[in-house]
$ cat my_file.cif   # mmCIF, N, CA and C atoms
data_run
#
loop_
_atom_site.group_PDB
_atom_site.id
_atom_site.type_symbol
_atom_site.label_atom_id
_atom_site.label_comp_id
_atom_site.auth_asym_id
_atom_site.auth_seq_id
_atom_site.Cartn_x
_atom_site.Cartn_y
_atom_site.Cartn_z
ATOM 1 N N MET H 1448 -16.127 12.755 21.540
ATOM 2 C CA MET H 1448 -16.013 11.728 22.538
ATOM 3 C C MET H 1448 -15.587 10.397 21.903
ATOM 4 N N ILE H 1449 -16.103 10.106 20.711
ATOM 5 C CA ILE H 1449 -15.774 8.849 20.062
ATOM 6 C C ILE H 1449 -14.313 8.812 19.630
ATOM 7 N N LYS H 1450 -13.771 9.965 19.248
ATOM 8 C CA LYS H 1450 -12.389 9.968 18.766
ATOM 9 C C LYS H 1450 -11.384 9.626 19.862
ATOM 10 N N HIS H 1451 -11.802 9.676 21.126
ATOM 11 C CA HIS H 1451 -10.909 9.355 22.227
ATOM 12 C C HIS H 1451 -10.946 7.876 22.613
ATOM 13 N N LEU H 1452 -11.789 7.103 21.937
ATOM 14 C CA LEU H 1452 -11.846 5.667 22.214
ATOM 15 C C LEU H 1452 -10.592 4.991 21.669
ATOM 16 N N PRO H 1453 -10.189 3.871 22.257
ATOM 17 C CA PRO H 1453 -9.024 3.151 21.733
ATOM 18 C C PRO H 1453 -9.283 2.670 20.295
ATOM 19 N N ALA H 1454 -8.216 2.541 19.532
ATOM 20 C CA ALA H 1454 -8.336 2.149 18.123
ATOM 21 C C ALA H 1454 -8.923 0.749 17.965
ATOM 22 N N ASP H 1455 -8.732 -0.116 18.970
ATOM 23 C CA ASP H 1455 -9.238 -1.485 18.855
ATOM 24 C C ASP H 1455 -10.618 -1.666 19.487
ATOM 25 N N SER H 1456 -11.310 -0.568 19.788
ATOM 26 C CA SER H 1456 -12.632 -0.686 20.387
ATOM 27 C C SER H 1456 -13.658 -1.134 19.348
ATOM 28 N N ALA H 1457 -14.753 -1.705 19.821
ATOM 29 C CA ALA H 1457 -15.805 -2.190 18.929
ATOM 30 C C ALA H 1457 -16.437 -1.045 18.145
ATOM 31 N N VAL H 1458 -16.583 0.113 18.760
ATOM 32 C CA VAL H 1458 -17.184 1.268 18.075
ATOM 33 C C VAL H 1458 -16.285 1.715 16.923
ATOM 34 N N GLN H 1459 -14.981 1.807 17.164
ATOM 35 C CA GLN H 1459 -14.046 2.211 16.108
ATOM 36 C C GLN H 1459 -14.054 1.195 14.963
ATOM 37 N N ARG H 1460 -14.093 -0.089 15.301
ATOM 38 C CA ARG H 1460 -14.134 -1.120 14.259
ATOM 39 C C ARG H 1460 -15.424 -1.051 13.465
ATOM 40 N N GLU H 1461 -16.529 -0.729 14.118
ATOM 41 C CA GLU H 1461 -17.810 -0.613 13.417
ATOM 42 C C GLU H 1461 -17.821 0.596 12.481
ATOM 43 N N ILE H 1462 -17.239 1.693 12.915
ATOM 44 C CA ILE H 1462 -17.227 2.918 12.108
ATOM 45 C C ILE H 1462 -16.227 2.826 10.963
ATOM 46 N N HIS H 1463 -15.004 2.376 11.257
ATOM 47 C CA HIS H 1463 -13.918 2.414 10.280
ATOM 48 C C HIS H 1463 -13.590 1.066 9.656
ATOM 49 N N GLY H 1464 -14.207 0.005 10.113
ATOM 50 C CA GLY H 1464 -13.939 -1.316 9.556
ATOM 51 C C GLY H 1464 -12.523 -1.782 9.857
ATOM 52 N N GLU H 1465 -11.914 -2.440 8.868
ATOM 53 C CA GLU H 1465 -10.577 -2.995 9.041
ATOM 54 C C GLU H 1465 -9.528 -1.898 9.224
ATOM 55 N N ALA H 1466 -9.803 -0.696 8.728
ATOM 56 C CA ALA H 1466 -8.842 0.405 8.846
ATOM 57 C C ALA H 1466 -8.562 0.753 10.305
ATOM 58 N N ALA H 1467 -9.502 0.491 11.201
ATOM 59 C CA ALA H 1467 -9.296 0.787 12.620
ATOM 60 C C ALA H 1467 -8.229 -0.115 13.228
ATOM 61 N N GLU H 1468 -8.037 -1.291 12.641
ATOM 62 C CA GLU H 1468 -7.061 -2.232 13.184
ATOM 63 C C GLU H 1468 -5.645 -1.943 12.689
ATOM 64 N N TRP H 1469 -5.504 -1.100 11.678
ATOM 65 C CA TRP H 1469 -4.186 -0.775 11.131
ATOM 66 C C TRP H 1469 -3.610 0.414 11.867
ATOM 67 N N SER H 1470 -2.474 0.204 12.507
ATOM 68 C CA SER H 1470 -1.798 1.292 13.204
ATOM 69 C C SER H 1470 -0.849 1.997 12.232
ATOM 70 N N LEU H 1471 -0.254 3.072 12.696
ATOM 71 C CA LEU H 1471 0.723 3.786 11.882
ATOM 72 C C LEU H 1471 1.889 2.860 11.531
ATOM 73 N N THR H 1472 2.287 2.029 12.484
ATOM 74 C CA THR H 1472 3.374 1.084 12.248
ATOM 75 C C THR H 1472 3.020 0.110 11.129
ATOM 76 N N ASP H 1473 1.776 -0.365 11.107
ATOM 77 C CA ASP H 1473 1.346 -1.288 10.053
ATOM 78 C C ASP H 1473 1.408 -0.616 8.682
ATOM 79 N N HIS H 1474 0.962 0.634 8.603
ATOM 80 C CA HIS H 1474 1.011 1.367 7.332
ATOM 81 C C HIS H 1474 2.458 1.609 6.894
ATOM 82 N N LEU H 1475 3.321 1.953 7.830
ATOM 83 C CA LEU H 1475 4.727 2.176 7.484
ATOM 84 C C LEU H 1475 5.401 0.878 7.041
ATOM 85 N N LEU H 1476 5.084 -0.222 7.678
ATOM 86 C CA LEU H 1476 5.652 -1.502 7.294
ATOM 87 C C LEU H 1476 5.186 -1.904 5.894
ATOM 88 N N ALA H 1477 3.911 -1.694 5.599
ATOM 89 C CA ALA H 1477 3.392 -2.007 4.264
ATOM 90 C C ALA H 1477 4.069 -1.128 3.214
ATOM 91 N N ALA H 1478 4.284 0.153 3.522
ATOM 92 C CA ALA H 1478 4.970 1.046 2.588
ATOM 93 C C ALA H 1478 6.417 0.601 2.375
ATOM 94 N N THR H 1479 7.078 0.150 3.439
ATOM 95 C CA THR H 1479 8.449 -0.334 3.330
ATOM 96 C C THR H 1479 8.519 -1.569 2.439
ATOM 97 N N VAL H 1480 7.598 -2.484 2.626
ATOM 98 C CA VAL H 1480 7.563 -3.696 1.804
ATOM 99 C C VAL H 1480 7.324 -3.324 0.339
ATOM 100 N N ASP H 1481 6.408 -2.384 0.089
ATOM 101 C CA ASP H 1481 6.129 -1.950 -1.285
ATOM 102 C C ASP H 1481 7.355 -1.305 -1.923
ATOM 103 N N HIS H 1482 8.059 -0.475 -1.169
ATOM 104 C CA HIS H 1482 9.241 0.198 -1.712
ATOM 105 C C HIS H 1482 10.368 -0.798 -2.002
ATOM 106 N N LEU H 1483 10.558 -1.762 -1.116
ATOM 107 C CA LEU H 1483 11.580 -2.779 -1.359
ATOM 108 C C LEU H 1483 11.237 -3.644 -2.574
ATOM 109 N N ALA H 1484 9.974 -3.989 -2.709
ATOM 110 C CA ALA H 1484 9.554 -4.775 -3.870
ATOM 111 C C ALA H 1484 9.754 -3.978 -5.159
ATOM 112 N N ALA H 1485 9.434 -2.678 -5.127
ATOM 113 C CA ALA H 1485 9.630 -1.835 -6.307
ATOM 114 C C ALA H 1485 11.112 -1.691 -6.632
ATOM 115 N N ALA H 1486 11.957 -1.561 -5.607
ATOM 116 C CA ALA H 1486 13.394 -1.441 -5.833
ATOM 117 C C ALA H 1486 13.957 -2.731 -6.434
ATOM 118 N N ASN H 1487 13.523 -3.874 -5.917
ATOM 119 C CA ASN H 1487 13.977 -5.150 -6.485
ATOM 120 C C ASN H 1487 13.506 -5.311 -7.918
ATOM 121 N N TRP H 1488 12.273 -4.894 -8.202
ATOM 122 C CA TRP H 1488 11.738 -4.970 -9.553
ATOM 123 C C TRP H 1488 12.535 -4.070 -10.498
ATOM 124 N N MET H 1489 12.853 -2.848 -10.048
ATOM 125 C CA MET H 1489 13.645 -1.944 -10.885
ATOM 126 C C MET H 1489 15.041 -2.521 -11.131
ATOM 127 N N PHE H 1490 15.640 -3.130 -10.119
ATOM 128 C CA PHE H 1490 16.957 -3.762 -10.268
ATOM 129 C C PHE H 1490 16.875 -4.873 -11.307
ATOM 130 N N GLN H 1491 15.806 -5.654 -11.249
ATOM 131 C CA GLN H 1491 15.606 -6.726 -12.211
ATOM 132 C C GLN H 1491 15.446 -6.167 -13.614
ATOM 133 N N CYS H 1492 14.681 -5.099 -13.757
ATOM 134 C CA CYS H 1492 14.456 -4.488 -15.072
ATOM 135 C C CYS H 1492 15.758 -3.966 -15.662
ATOM 136 N N VAL H 1493 16.581 -3.340 -14.844
ATOM 137 C CA VAL H 1493 17.838 -2.763 -15.319
ATOM 138 C C VAL H 1493 18.818 -3.862 -15.726
ATOM 139 N N ASN H 1494 18.787 -4.978 -15.031
ATOM 140 C CA ASN H 1494 19.759 -6.045 -15.277
ATOM 141 C C ASN H 1494 19.259 -7.144 -16.201
ATOM 142 N N THR H 1495 18.170 -6.927 -16.911
ATOM 143 C CA THR H 1495 17.729 -7.886 -17.918
ATOM 144 C C THR H 1495 18.230 -7.411 -19.272
ATOM 145 N N GLY H 1496 18.373 -8.330 -20.179
ATOM 146 C CA GLY H 1496 18.824 -7.978 -21.527
ATOM 147 C C GLY H 1496 17.769 -7.163 -22.258
ATOM 148 N N GLU H 1497 18.220 -6.473 -23.303
ATOM 149 C CA GLU H 1497 17.283 -5.635 -24.060
ATOM 150 C C GLU H 1497 16.225 -6.466 -24.767
ATOM 151 N N ASP H 1498 16.572 -7.676 -25.149
ATOM 152 C CA ASP H 1498 15.623 -8.528 -25.860
ATOM 153 C C ASP H 1498 14.735 -9.340 -24.916
ATOM 154 N N ASP H 1499 15.093 -9.383 -23.642
ATOM 155 C CA ASP H 1499 14.308 -10.140 -22.660
ATOM 156 C C ASP H 1499 13.026 -9.398 -22.316
ATOM 157 N N GLU H 1500 12.054 -10.179 -21.890
ATOM 158 C CA GLU H 1500 10.777 -9.586 -21.486
ATOM 159 C C GLU H 1500 10.924 -8.923 -20.119
ATOM 160 N N THR H 1501 10.321 -7.745 -19.977
ATOM 161 C CA THR H 1501 10.373 -7.018 -18.706
ATOM 162 C C THR H 1501 9.523 -7.756 -17.673
ATOM 163 N N PRO H 1502 10.048 -7.960 -16.465
ATOM 164 C CA PRO H 1502 9.251 -8.642 -15.435
ATOM 165 C C PRO H 1502 8.020 -7.813 -15.042
ATOM 166 N N ASP H 1503 7.005 -8.504 -14.598
ATOM 167 C CA ASP H 1503 5.784 -7.821 -14.162
ATOM 168 C C ASP H 1503 6.068 -7.003 -12.905
ATOM 169 N N PRO H 1504 5.490 -5.806 -12.812
ATOM 170 C CA PRO H 1504 5.702 -4.998 -11.600
ATOM 171 C C PRO H 1504 5.031 -5.661 -10.396
ATOM 172 N N PRO H 1505 5.579 -5.447 -9.201
ATOM 173 C CA PRO H 1505 4.987 -6.066 -8.001
ATOM 174 C C PRO H 1505 3.658 -5.416 -7.638
ATOM 175 N N LYS H 1506 2.828 -6.194 -7.010
ATOM 176 C CA LYS H 1506 1.544 -5.674 -6.528
ATOM 177 C C LYS H 1506 1.750 -5.119 -5.121
ATOM 178 N N PRO H 1507 1.153 -3.961 -4.828
ATOM 179 C CA PRO H 1507 1.315 -3.401 -3.478
ATOM 180 C C PRO H 1507 0.581 -4.236 -2.430
ATOM 181 N N VAL H 1508 1.043 -4.113 -1.205
ATOM 182 C CA VAL H 1508 0.397 -4.793 -0.086
ATOM 183 C C VAL H 1508 -1.013 -4.213 0.059
ATOM 184 N N PRO H 1509 -2.031 -5.075 0.131
ATOM 185 C CA PRO H 1509 -3.396 -4.551 0.274
ATOM 186 C C PRO H 1509 -3.563 -3.764 1.571
ATOM 187 N N ARG H 1510 -4.195 -2.615 1.467
ATOM 188 C CA ARG H 1510 -4.456 -1.769 2.628
ATOM 189 C C ARG H 1510 -5.960 -1.565 2.755
ATOM 190 N N PRO H 1511 -6.447 -1.463 3.970
ATOM 191 C CA PRO H 1511 -7.889 -1.258 4.146
ATOM 192 C C PRO H 1511 -8.302 0.122 3.650
ATOM 193 N N GLY H 1512 -9.406 0.164 2.904
ATOM 194 C CA GLY H 1512 -9.962 1.435 2.446
ATOM 195 C C GLY H 1512 -9.294 2.026 1.229
ATOM 196 N N VAL H 1513 -8.345 1.328 0.625
ATOM 197 C CA VAL H 1513 -7.649 1.840 -0.549
ATOM 198 C C VAL H 1513 -8.069 0.990 -1.738
ATOM 199 N N ALA H 1514 -8.514 1.640 -2.820
ATOM 200 C CA ALA H 1514 -8.942 0.921 -4.010
ATOM 201 C C ALA H 1514 -7.726 0.492 -4.812
ATOM 202 N N ASP H 1515 -7.812 -0.711 -5.405
ATOM 203 C CA ASP H 1515 -6.712 -1.165 -6.261
ATOM 204 C C ASP H 1515 -6.895 -0.587 -7.653
ATOM 205 N N GLU H 1516 -6.004 -0.956 -8.596
ATOM 206 C CA GLU H 1516 -6.040 -0.380 -9.931
ATOM 207 C C GLU H 1516 -7.307 -0.731 -10.681
ATOM 208 N N GLY H 1517 -7.959 -1.838 -10.327
ATOM 209 C CA GLY H 1517 -9.203 -2.236 -10.979
ATOM 210 C C GLY H 1517 -10.411 -1.479 -10.452
ATOM 211 N N GLY H 1518 -10.225 -0.621 -9.473
ATOM 212 C CA GLY H 1518 -11.316 0.161 -8.912
ATOM 213 C C GLY H 1518 -12.005 -0.512 -7.743
ATOM 214 N N GLU H 1519 -11.612 -1.740 -7.432
ATOM 215 C CA GLU H 1519 -12.227 -2.435 -6.305
ATOM 216 C C GLU H 1519 -11.502 -2.056 -5.026
ATOM 217 N N GLU H 1520 -12.270 -1.909 -3.979
ATOM 218 C CA GLU H 1520 -11.675 -1.546 -2.693
ATOM 219 C C GLU H 1520 -10.984 -2.758 -2.100
ATOM 220 N N GLN H 1521 -9.773 -2.566 -1.558
ATOM 221 C CA GLN H 1521 -8.996 -3.674 -1.015
ATOM 222 C C GLN H 1521 -9.463 -4.084 0.373
ATOM 223 N N GLY H 1522 -9.992 -3.175 1.133
ATOM 224 C CA GLY H 1522 -10.417 -3.492 2.482
ATOM 225 C C GLY H 1522 -11.641 -2.689 2.843
ATOM 226 N N GLU H 1523 -12.157 -2.944 4.038
ATOM 227 C CA GLU H 1523 -13.327 -2.217 4.503
ATOM 228 C C GLU H 1523 -12.904 -0.903 5.126
ATOM 229 N N GLY H 1524 -13.851 -0.014 5.297
ATOM 230 C CA GLY H 1524 -13.588 1.241 5.996
ATOM 231 C C GLY H 1524 -12.970 2.276 5.089
ATOM 232 N N SER H 1525 -12.580 3.392 5.693
ATOM 233 C CA SER H 1525 -12.002 4.481 4.921
ATOM 234 C C SER H 1525 -10.505 4.542 5.154
ATOM 235 N N ALA H 1526 -9.816 5.187 4.233
ATOM 236 C CA ALA H 1526 -8.366 5.327 4.375
ATOM 237 C C ALA H 1526 -8.055 6.247 5.536
ATOM 238 N N GLU H 1527 -6.902 6.091 6.101
ATOM 239 C CA GLU H 1527 -6.489 6.900 7.237
ATOM 240 C C GLU H 1527 -6.415 8.367 6.818
ATOM 241 N N GLU H 1528 -6.931 9.256 7.644
ATOM 242 C CA GLU H 1528 -6.923 10.677 7.315
ATOM 243 C C GLU H 1528 -5.501 11.183 7.233
ATOM 244 N N GLY H 1529 -5.250 12.034 6.240
ATOM 245 C CA GLY H 1529 -3.936 12.621 6.075
ATOM 246 C C GLY H 1529 -3.007 11.769 5.237
ATOM 247 N N ALA H 1530 -3.396 10.534 4.938
ATOM 248 C CA ALA H 1530 -2.549 9.679 4.111
ATOM 249 C C ALA H 1530 -2.846 9.958 2.649
ATOM 250 N N GLY H 1531 -1.807 10.124 1.871
ATOM 251 C CA GLY H 1531 -1.975 10.372 0.448
ATOM 252 C C GLY H 1531 -2.200 9.065 -0.283
ATOM 253 N N PRO H 1532 -2.453 9.149 -1.571
ATOM 254 C CA PRO H 1532 -2.650 7.930 -2.341
ATOM 255 C C PRO H 1532 -1.347 7.148 -2.437
ATOM 256 N N ALA H 1533 -1.468 5.840 -2.486
ATOM 257 C CA ALA H 1533 -0.286 4.989 -2.597
ATOM 258 C C ALA H 1533 0.319 5.141 -3.984
ATOM 259 N N VAL H 1534 1.620 5.128 -4.076
ATOM 260 C CA VAL H 1534 2.316 5.240 -5.349
ATOM 261 C C VAL H 1534 2.537 3.838 -5.892
ATOM 262 N N SER H 1535 2.120 3.615 -7.134
ATOM 263 C CA SER H 1535 2.275 2.292 -7.731
ATOM 264 C C SER H 1535 3.708 2.078 -8.203
ATOM 265 N N PRO H 1536 4.132 0.829 -8.286
ATOM 266 C CA PRO H 1536 5.479 0.564 -8.777
ATOM 267 C C PRO H 1536 5.703 1.086 -10.202
ATOM 268 N N SER H 1537 4.675 1.031 -11.036
ATOM 269 C CA SER H 1537 4.837 1.532 -12.406
ATOM 270 C C SER H 1537 5.046 3.051 -12.404
ATOM 271 N N ALA H 1538 4.402 3.762 -11.478
ATOM 272 C CA ALA H 1538 4.618 5.209 -11.372
ATOM 273 C C ALA H 1538 6.042 5.496 -10.901
ATOM 274 N N LEU H 1539 6.552 4.682 -9.983
ATOM 275 C CA LEU H 1539 7.935 4.839 -9.541
ATOM 276 C C LEU H 1539 8.906 4.594 -10.693
ATOM 277 N N ALA H 1540 8.617 3.567 -11.476
ATOM 278 C CA ALA H 1540 9.496 3.249 -12.608
ATOM 279 C C ALA H 1540 9.497 4.386 -13.620
ATOM 280 N N ARG H 1541 8.329 4.976 -13.884
ATOM 281 C CA ARG H 1541 8.267 6.120 -14.811
ATOM 282 C C ARG H 1541 9.042 7.299 -14.254
ATOM 283 N N PHE H 1542 8.965 7.525 -12.957
ATOM 284 C CA PHE H 1542 9.666 8.638 -12.346
ATOM 285 C C PHE H 1542 11.177 8.464 -12.448
ATOM 286 N N PHE H 1543 11.667 7.261 -12.143
ATOM 287 C CA PHE H 1543 13.100 7.024 -12.163
ATOM 288 C C PHE H 1543 13.630 6.652 -13.536
ATOM 289 N N GLY H 1544 12.710 6.287 -14.455
ATOM 290 C CA GLY H 1544 13.149 5.838 -15.785
ATOM 291 C C GLY H 1544 13.217 6.915 -16.736
#
$ encode --input "my_file.cif" --output "structure tokens"
Amino acid sequence: MIKHLPADSAVQREIHGEAAEWSLTDHLLAATVDHLAAANWMFQCVNTGEDDETPDPPKPVPRPGVADEGGEEQGEGSAEEGAGPAVSPSALARFFG
């Protein structure tokens, strides 16, 4: 019965915290921003000189219920069911590099 409540209901917010306020569109937009930032970072890395310092990788957009690299949770609540772990920009660079 609870699963049929609207995502913005008080019960859903109490159970899932901030994750209840994130829609699929919000998650897709955050993933798009992360991918664009990683692509720009990779472009910067490729176009810097060999002796130049490599730019710092971008930080992903904070998502509710997902822990950052330091082990601290970025938001309240649990991650959306069925969503896999976020791919870090450094993992993308290793894959493409």
$ atom_distance --input "my_file.cif" --atom1 "CA of Val1493 in chain H" --atom2 "CA of Phe1542 in chain H"
14.3 Å
$ atom_distance --input "my_file.cif" --atom1 "CA of Ser1537 in chain H" --atom2 "CA of Pro1505 in chain H"
8.8 Å
$ select_by_dssp --input "my_file.cif" --residues "range 1470-1510 of chain H" --states "alpha helix (DSSP H)" --output "JSON, numbers by chain"
{"H": [1471, 1472, 1473, 1474, 1475, 1476, 1477, 1478, 1479, 1480, 1481, 1482, 1483, 1484, 1485, 1486, 1487, 1488, 1489, 1490, 1491, 1492, 1493]}
$ atom_distance --input "my_file.cif" --atom1 "CA of Ala1540 in chain H" --atom2 "atom C of Trp1488 in chain H"
8.2 Å
$ closest_residue --input "my_file.cif" --among "H:Asp1499, H:Pro1507, H:Arg1541, H:Ile1462" --to "Val1480 in chain H" --atoms "only C-alpha atoms"
H:Pro1507
$ closest_residue --input "my_file.cif" --among "H:Gly1464, H:Arg1510, H:Gln1491, H:Ser1535" --to "Ala1477 in chain H" --atoms "only C-alpha atoms"
H:Arg1510
$ closest_residue --input "my_file.cif" --among "H:Ala1485, H:Val1458, H:Pro1511, H:Thr1501" --to "Phe1543 in chain H" --atoms "only C-alpha atoms"
H:Ala1485
